[in-house]
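Visitor: To start, I am sharing the structure in question, which I have written as structure tokens.
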Amino acid sequence: MLSAHYVGNTSIEIRTTEAVAPSKGEVQIAVAFVGICGTDLHILHGSMDARITHSGIIGHEMSGTIAAIGPGVTEWRLGDAVTVMPLAWDGTCPACIAGHTHICQNLDFIGIDSTGALQEYWNVPASTLVRLPDGMPLEHAALVEPTAVAAHDVRRSGVGPGDKALVIGGGPIGVLIATVAHDAGAEVRLFEVDRERRAAAAALGIEVADPTAPGAAEEIEAWTGGAGADVVFEVSGSAAAVLTATSFVKVRGTLVIVAIHPQPRPVDLHRVFWRELTIVGARVYEREDFEHAASLLARGVIPASALITETVPLTDTASAFAMLESGRAMKVLVDARSGQR
């Protein structure tokens, strides 16, 4: 089978290896599509080398069908259409005992800490499988994982009907958060500095503005009647955005930190104190978020076809990374089906 390997120095190599049978409690997935995301770009640039101690096969946004079933697995059948919630926890740490298994203190994020989906056949624990709704295109199903991120972020925020939500950052996750929050009944505005990303978001019907443009802050003030937004999602990863984000939150409102900030950031704690703000971290997802994400895609709430701007074969995986990094694409998929029997 073919597989794509991160080998360091911003390089991807395509290799031919032998598929192995699934072990006890595992299934083998014939991978259909794999999405490339910002975390994968961090890996490509060496930011997570300490965690990539396995084969170098990464990838965690995916869809596929079951090709083989290991011993002891009884609830799945050959051909079932699935995606994977790529989390494995130890069940014994304080976080797990408290019921927060998705942020286990010894979490194995499959596709980062262990071998991922950028291969034709992928063996995973059956416990990680999520069944896809009947009839969902496998291309669209590759968006379940990033949509689950957005679903978790919105659920953590507590945003509801009639609330005003400001999303800072118009990349794929920001657009998904805006869409999921709107489906939850919120009025949504999006801040994005990149002109092409603003145009892409506007084409999806999202109200979007350039936060660096004159009058942008005043527009939010007018939109909220001077109160500030009920919820602000910081998705950009920008130090400047973190510093200014609290200025857009209403009294006793909520700031949700979604982006990965590899360095400590200045935060306006006076504003947090003065308005009694709540700051919430939102990381990965839980199974209910995956199930909600699959439902959103099945109902057509998520504009999957518009978000998928490019699909390349597994042999061209390096070009998928290049397209995403250039900013020319919202979501790039890798088609892993070329050599499957």
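Naming works like this for the structure tokens: A, B, ... for the chains as they're shown, residue 1 at the start of each chain, ligands 1 onward in shown order.
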Give me, as a PyMOL selection string, all polymer residues having an atom no more than 9 Å from Pro22 (chain A), counting only C-alpha atoms and skipping those fewer than 5 positions away in the same chain.

Guide: chain A and resi 27-28+68-71+122-125

Visitor: Looking only at the backbone, which of the residues in region 71-230 of chain A does DSSP tag as alpha helix (DSSP H), as an MDAnalysis selection string?

Guide: chainID A and resid 94:97 138:141 144:157 172:183 195:203 216:223

Visitor: Determine, counting only C-alpha atoms, which protein, DNA and RNA residues have an atom within 9 Å of an atom of Gly162 (chain A); residues of the same chain fewer than 6 positions away are not included. Present the result as a ChimeraX atom specification.

Guide: /A:185-187

Visitor: Using only all heavy atoms, please write the residues we just selected to a file, as an mmCIF file, in the first residue's frame.

Guide:
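And here is the file that came out, selection.cif:
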data_model
loop_
_atom_site.group_PDB
_atom_site.id
_atom_site.type_symbol
_atom_site.label_atom_id
_atom_site.label_comp_id
_atom_site.auth_asym_id
_atom_site.auth_seq_id
_atom_site.Cartn_x
_atom_site.Cartn_y
_atom_site.Cartn_z
ATOM 1 N N GLY A 185 -28.498 29.509 16.777
ATOM 2 C CA GLY A 185 -29.402 30.641 16.975
ATOM 3 C C GLY A 185 -28.731 31.967 17.223
ATOM 4 O O GLY A 185 -29.417 32.977 17.433
ATOM 5 N N ALA A 186 -27.398 31.997 17.213
ATOM 6 C CA ALA A 186 -26.690 33.235 17.499
ATOM 7 C C ALA A 186 -26.608 34.139 16.264
ATOM 8 O O ALA A 186 -26.636 33.667 15.128
ATOM 9 C CB ALA A 186 -25.279 32.934 18.003
ATOM 10 N N GLU A 187 -26.509 35.446 16.518
ATOM 11 C CA GLU A 187 -26.107 36.390 15.482
ATOM 12 C C GLU A 187 -24.582 36.401 15.469
ATOM 13 O O GLU A 187 -23.958 36.517 16.530
ATOM 14 C CB GLU A 187 -26.634 37.791 15.785
ATOM 15 C CG GLU A 187 -28.141 37.921 15.778
ATOM 16 C CD GLU A 187 -28.557 39.349 16.079
ATOM 17 O OE1 GLU A 187 -27.901 40.283 15.558
ATOM 18 O OE2 GLU A 187 -29.509 39.531 16.848
#

Visitor: Between A:Ala67, A:Ala126, A:Ile103, A:Met1, which has the minimum distance to Glu26 (chain A) (counting only C-alpha atoms)?

Guide: A:Ala126

Visitor: Please give the complete set of residues from region 204-277 of chain A that DSSP, run on the backbone, assigns to strand (DSSP E), formatted as a list in words.

Guide: Val208, Ala209, Ala229, Asp230, Val231, Val232, Phe233, Glu234, Val249, Lys250, Val251, Arg252, Gly253, Thr254, Leu255, Val256 and Ile257 of chain A

Visitor: Those same residues - N, CA and C atoms - I'd like them written as a compact mmCIF listing (two decimals), in the first residue's frame.

Guide:
# COMPACT_ATOMS: atom_id res chain seq x y z
N VAL A 208 -18.71 39.53 7.59
CA VAL A 208 -17.28 39.52 7.86
C VAL A 208 -16.70 40.91 7.66
N ALA A 209 -15.68 41.25 8.45
CA ALA A 209 -15.03 42.55 8.36
C ALA A 209 -13.55 42.41 8.63
N ALA A 229 -20.14 41.83 22.71
CA ALA A 229 -20.65 40.52 22.30
C ALA A 229 -20.83 39.61 23.50
N ASP A 230 -21.83 38.74 23.42
CA ASP A 230 -22.03 37.74 24.47
C ASP A 230 -20.85 36.78 24.54
N VAL A 231 -20.36 36.39 23.36
CA VAL A 231 -19.24 35.45 23.27
C VAL A 231 -18.28 35.93 22.18
N VAL A 232 -17.01 35.85 22.48
CA VAL A 232 -15.96 36.09 21.48
C VAL A 232 -15.10 34.83 21.39
N PHE A 233 -14.90 34.35 20.17
CA PHE A 233 -14.05 33.19 19.92
C PHE A 233 -12.73 33.69 19.33
N GLU A 234 -11.61 33.38 20.00
CA GLU A 234 -10.29 33.76 19.47
C GLU A 234 -9.74 32.55 18.71
N VAL A 249 -15.99 41.94 24.54
CA VAL A 249 -16.87 41.07 25.31
C VAL A 249 -17.72 41.90 26.28
N LYS A 250 -18.99 41.54 26.38
CA LYS A 250 -19.90 42.28 27.26
C LYS A 250 -19.61 41.96 28.73
N VAL A 251 -20.26 42.70 29.61
CA VAL A 251 -20.21 42.41 31.05
C VAL A 251 -20.66 40.97 31.29
N ARG A 252 -19.84 40.22 32.01
CA ARG A 252 -20.07 38.81 32.29
C ARG A 252 -20.22 37.96 31.02
N GLY A 253 -19.60 38.42 29.97
CA GLY A 253 -19.55 37.63 28.74
C GLY A 253 -18.40 36.63 28.79
N THR A 254 -18.22 35.92 27.67
CA THR A 254 -17.28 34.81 27.62
C THR A 254 -16.32 34.97 26.45
N LEU A 255 -15.04 34.79 26.74
CA LEU A 255 -14.00 34.71 25.71
C LEU A 255 -13.55 33.26 25.62
N VAL A 256 -13.65 32.67 24.43
CA VAL A 256 -13.27 31.28 24.20
C VAL A 256 -11.96 31.25 23.44
N ILE A 257 -10.96 30.61 24.02
CA ILE A 257 -9.65 30.48 23.37
C ILE A 257 -9.62 29.17 22.60

Visitor: Given only C-alpha atoms as the basis, pick out the residue of A:Thr65, A:Ser157, A:Thr10, A:Thr179 nearest to Leu307 (chain A).

Guide: A:Thr179

Visitor: Could you tell me which of A:Arg77, A:His182, A:Lys24, A:His5 comes closest to Ile52 (chain A) if we count only C-alpha atoms?

Guide: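 Selected residue with least distance to Ile52 (chain A): A:His5.
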
Visitor: Pick from A:Ile14, A:Ala241, A:Ile220, A:Ile302: nearest to Val180 (chain A), with only C-alpha atoms counted?

Guide: A:Ile302

Visitor: Can you pull out the residues contacting Arg195 (chain A)? Cut-off 12 Å, using only C-alpha atoms, and skip same-chain residues under 3 positions away; I want them as a PyMOL selection string.

Guide: chain A and resi 169-171+191-192+198-202+208-213+327-328
